[in-house]
Amino acid sequence: MPMKKNEIDKLLAEPHIAVVAVTAPDGAPHAVPTWYEYKNGEVVFHTDRSAFKYKCLEHDPRVAFVVDTKQAPYKCVVLKGTARIEIKKEDDERGLRMSIAYPRREAGQGVSQHDEGP
């Protein structure tokens with residue numbers, strides 16, 4: 001059954017590990033598990049300039065982004081679009097938020113959108 005927009009927004013706002021699929025310079029698919037942040041209808045994920053994923057995005061910015069719950073009741077969101085590479089100072093703050101949210105989620109503690117960390 002298709003999810004409604006508010007259900008999609010809710011799922012994307014939770015700290016699930018996404019799979020980002022890109023196209024390698026030789027045309028091969030490349031998929032990588034990735035932490036991300038969803039805010040104001042936009043997905044943001046980090047990658048290092050030396051990472052293969054970054055090199056793929058420089059070559060071809062098209063991306064598929066998959067988030068699923070991995071447990072019943074199974075839910076999945078698949079997004080397709082074009083990535084924008086941006087280098088910003090706030091990435092350090094976002095990285096810190098993600099490094100707090102994801103390990104807590106994996107430990108079964110969960111994090112709300114408004115949780116500021118420990």
# chains A, B, ... in the order shown; residues from 1 in each chain; ligands from 1
>>> residues_around(residues="A:Gly81", least_positions_apart="6", cutoff="10 Å", atoms="only C-alpha atoms", output="CSV table (one decimal) with all heavy atoms, in the first residue's frame")
chain,number,residue,atom,x,y,z
A,61,PRO,N,25.8,13.1,-11.4
A,61,PRO,CA,25.1,13.5,-10.1
A,61,PRO,C,23.8,12.7,-9.9
A,61,PRO,O,23.2,12.9,-8.8
A,61,PRO,CB,24.9,15.0,-10.2
A,61,PRO,CG,24.8,15.2,-11.7
A,61,PRO,CD,25.8,14.2,-12.3
A,62,ARG,N,23.4,11.9,-10.8
A,62,ARG,CA,22.1,11.1,-10.6
A,62,ARG,C,22.3,10.2,-9.4
A,62,ARG,O,23.4,9.5,-9.3
A,62,ARG,CB,21.7,10.4,-11.8
A,62,ARG,CG,21.3,11.3,-13.0
A,62,ARG,CD,21.0,10.5,-14.2
A,62,ARG,NE,22.2,9.7,-14.6
A,62,ARG,CZ,22.1,8.7,-15.5
A,62,ARG,NH1,21.0,8.3,-16.0
A,62,ARG,NH2,23.2,8.1,-15.8
A,63,VAL,N,21.3,10.1,-8.6
A,63,VAL,CA,21.3,9.2,-7.4
A,63,VAL,C,20.0,8.6,-7.1
A,63,VAL,O,18.9,9.1,-7.4
A,63,VAL,CB,21.8,10.1,-6.2
A,63,VAL,CG1,20.8,11.2,-5.9
A,63,VAL,CG2,22.1,9.3,-5.0
A,64,ALA,N,20.1,7.4,-6.6
A,64,ALA,CA,18.9,6.7,-6.0
A,64,ALA,C,19.1,6.6,-4.5
A,64,ALA,O,20.3,6.3,-4.1
A,64,ALA,CB,18.6,5.4,-6.7
A,65,PHE,N,18.1,6.8,-3.7
A,65,PHE,CA,18.3,6.8,-2.3
A,65,PHE,C,17.2,5.9,-1.7
A,65,PHE,O,16.0,6.2,-1.9
A,65,PHE,CB,18.1,8.3,-1.8
A,65,PHE,CG,18.4,8.5,-0.4
A,65,PHE,CD1,19.7,8.8,0.0
A,65,PHE,CD2,17.4,8.6,0.5
A,65,PHE,CE1,20.0,9.0,1.3
A,65,PHE,CE2,17.7,8.8,1.8
A,65,PHE,CZ,19.0,9.1,2.2
>>> residues_around(residues="A:Asp9", least_positions_apart="2", cutoff="10 Å", atoms="only C-alpha atoms", output="PyMOL selection string")
chain A and resi 3-7+11-14+38-42+77
>>> closest_residue(among="A:Lys10, A:Asp60, A:Thr47, A:Pro15", to="A:Ala28", atoms="only C-alpha atoms")
A:Asp60
>>> atom_distance(atom1="atom CA of A:Cys56", atom2="atom CA of A:Thr69")
26.7 Å
>>> residues_around(residues="A:Ala31", least_positions_apart="4", cutoff="10 Å", atoms="only C-alpha atoms", output="list in words")
Ala18, Val19, Val20, Ala21, Val22, Thr23, Ala24, Lys53, Val63, Ala64, Phe65 and Val66 of chain A
>>> select_by_dssp(residues="stretch 42-85 of chain A", states="strand (DSSP E or B)", output="list in words")
Glu42, Val43, Val44, Phe45, Arg62, Val63, Ala64, Phe65, Val66, Val67, Asp68, Cys76, Val77, Val78, Leu79, Lys80, Gly81 and Thr82 of chain A
>>> decode(residues="stretch 60-75 of chain A", atoms="all heavy atoms", output="short mmCIF file (atom, residue, chain, number, x, y, z; two decimals), in the first residue's frame")
data_model
loop_
_atom_site.label_atom_id
_atom_site.label_comp_id
_atom_site.auth_asym_id
_atom_site.auth_seq_id
_atom_site.Cartn_x
_atom_site.Cartn_y
_atom_site.Cartn_z
N ASP A 60 28.71 11.84 -12.41
CA ASP A 60 27.28 11.73 -12.77
C ASP A 60 26.48 11.97 -11.50
O ASP A 60 26.46 11.12 -10.60
CB ASP A 60 27.00 10.34 -13.33
CG ASP A 60 25.56 10.17 -13.81
OD1 ASP A 60 24.69 10.99 -13.45
OD2 ASP A 60 25.30 9.18 -14.53
N PRO A 61 25.82 13.11 -11.36
CA PRO A 61 25.14 13.46 -10.11
C PRO A 61 23.81 12.73 -9.87
O PRO A 61 23.18 12.94 -8.85
CB PRO A 61 24.92 14.97 -10.24
CG PRO A 61 24.83 15.20 -11.70
CD PRO A 61 25.77 14.20 -12.34
N ARG A 62 23.39 11.87 -10.80
CA ARG A 62 22.13 11.14 -10.58
C ARG A 62 22.31 10.16 -9.42
O ARG A 62 23.35 9.52 -9.28
CB ARG A 62 21.72 10.38 -11.83
CG ARG A 62 21.31 11.30 -12.97
CD ARG A 62 20.98 10.52 -14.21
NE ARG A 62 22.16 9.75 -14.62
CZ ARG A 62 22.14 8.73 -15.47
NH1 ARG A 62 21.00 8.35 -16.01
NH2 ARG A 62 23.25 8.10 -15.80
N VAL A 63 21.27 10.06 -8.61
CA VAL A 63 21.35 9.23 -7.41
C VAL A 63 19.99 8.58 -7.13
O VAL A 63 18.95 9.14 -7.44
CB VAL A 63 21.81 10.10 -6.20
CG1 VAL A 63 20.82 11.18 -5.88
CG2 VAL A 63 22.11 9.27 -4.99
N ALA A 64 20.05 7.38 -6.59
CA ALA A 64 18.87 6.73 -6.03
C ALA A 64 19.15 6.58 -4.54
O ALA A 64 20.28 6.29 -4.13
CB ALA A 64 18.61 5.38 -6.67
N PHE A 65 18.12 6.77 -3.74
CA PHE A 65 18.26 6.81 -2.28
C PHE A 65 17.16 5.95 -1.70
O PHE A 65 15.98 6.21 -1.94
CB PHE A 65 18.12 8.28 -1.84
CG PHE A 65 18.43 8.54 -0.42
CD1 PHE A 65 19.73 8.76 -0.01
CD2 PHE A 65 17.41 8.58 0.52
CE1 PHE A 65 20.02 9.03 1.32
CE2 PHE A 65 17.69 8.84 1.84
CZ PHE A 65 18.99 9.07 2.25
N VAL A 66 17.52 4.90 -0.95
CA VAL A 66 16.54 3.95 -0.43
C VAL A 66 16.63 3.89 1.09
O VAL A 66 17.72 3.72 1.65
CB VAL A 66 16.78 2.53 -1.00
CG1 VAL A 66 15.77 1.54 -0.45
CG2 VAL A 66 16.75 2.55 -2.52
N VAL A 67 15.48 4.03 1.73
CA VAL A 67 15.38 3.90 3.18
C VAL A 67 14.30 2.88 3.46
O VAL A 67 13.21 2.97 2.92
CB VAL A 67 15.00 5.25 3.85
CG1 VAL A 67 14.79 5.07 5.35
CG2 VAL A 67 16.05 6.29 3.57
N ASP A 68 14.63 1.88 4.30
CA ASP A 68 13.61 0.91 4.68
C ASP A 68 13.74 0.59 6.16
O ASP A 68 14.77 0.81 6.77
CB ASP A 68 13.71 -0.37 3.83
CG ASP A 68 14.96 -1.16 4.11
OD1 ASP A 68 16.04 -0.75 3.61
OD2 ASP A 68 14.89 -2.16 4.81
N THR A 69 12.64 0.09 6.72
CA THR A 69 12.58 -0.15 8.17
C THR A 69 13.28 -1.44 8.59
O THR A 69 13.58 -1.61 9.75
CB THR A 69 11.13 -0.18 8.66
OG1 THR A 69 10.43 -1.20 7.97
CG2 THR A 69 10.47 1.17 8.49
N LYS A 70 13.47 -2.38 7.67
CA LYS A 70 14.16 -3.64 7.93
C LYS A 70 13.48 -4.53 8.96
O LYS A 70 14.06 -5.49 9.43
CB LYS A 70 15.62 -3.41 8.31
CG LYS A 70 16.43 -2.76 7.20
CD LYS A 70 17.86 -2.54 7.60
CE LYS A 70 18.67 -1.88 6.53
NZ LYS A 70 18.18 -0.67 5.96
N GLN A 71 12.26 -4.17 9.36
CA GLN A 71 11.49 -5.01 10.28
C GLN A 71 10.01 -4.75 10.08
O GLN A 71 9.61 -3.69 9.62
CB GLN A 71 11.91 -4.78 11.72
CG GLN A 71 11.88 -3.33 12.17
CD GLN A 71 12.48 -3.15 13.55
OE1 GLN A 71 11.91 -3.61 14.53
NE2 GLN A 71 13.62 -2.50 13.64
N ALA A 72 9.22 -5.75 10.41
CA ALA A 72 7.76 -5.65 10.23
C ALA A 72 7.20 -4.59 11.17
O ALA A 72 7.67 -4.46 12.30
CB ALA A 72 7.12 -7.00 10.47
N PRO A 73 6.21 -3.84 10.74
CA PRO A 73 5.64 -3.83 9.39
C PRO A 73 6.59 -3.10 8.45
O PRO A 73 6.97 -1.96 8.70
CB PRO A 73 4.33 -3.07 9.54
CG PRO A 73 4.57 -2.14 10.70
CD PRO A 73 5.54 -2.86 11.61
N TYR A 74 7.01 -3.77 7.38
CA TYR A 74 8.01 -3.23 6.46
C TYR A 74 7.51 -1.99 5.74
O TYR A 74 6.39 -1.95 5.25
CB TYR A 74 8.41 -4.30 5.45
CG TYR A 74 8.99 -5.52 6.11
CD1 TYR A 74 8.25 -6.68 6.23
CD2 TYR A 74 10.27 -5.49 6.65
CE1 TYR A 74 8.77 -7.80 6.86
CE2 TYR A 74 10.80 -6.60 7.29
CZ TYR A 74 10.05 -7.76 7.38
OH TYR A 74 10.57 -8.85 8.01
N LYS A 75 8.37 -0.99 5.71
CA LYS A 75 8.09 0.25 5.00
C LYS A 75 9.34 0.63 4.25
O LYS A 75 10.46 0.38 4.72
CB LYS A 75 7.69 1.37 5.95
CG LYS A 75 6.38 1.12 6.66
CD LYS A 75 6.05 2.27 7.58
CE LYS A 75 4.74 1.96 8.31
NZ LYS A 75 4.38 3.02 9.21
#
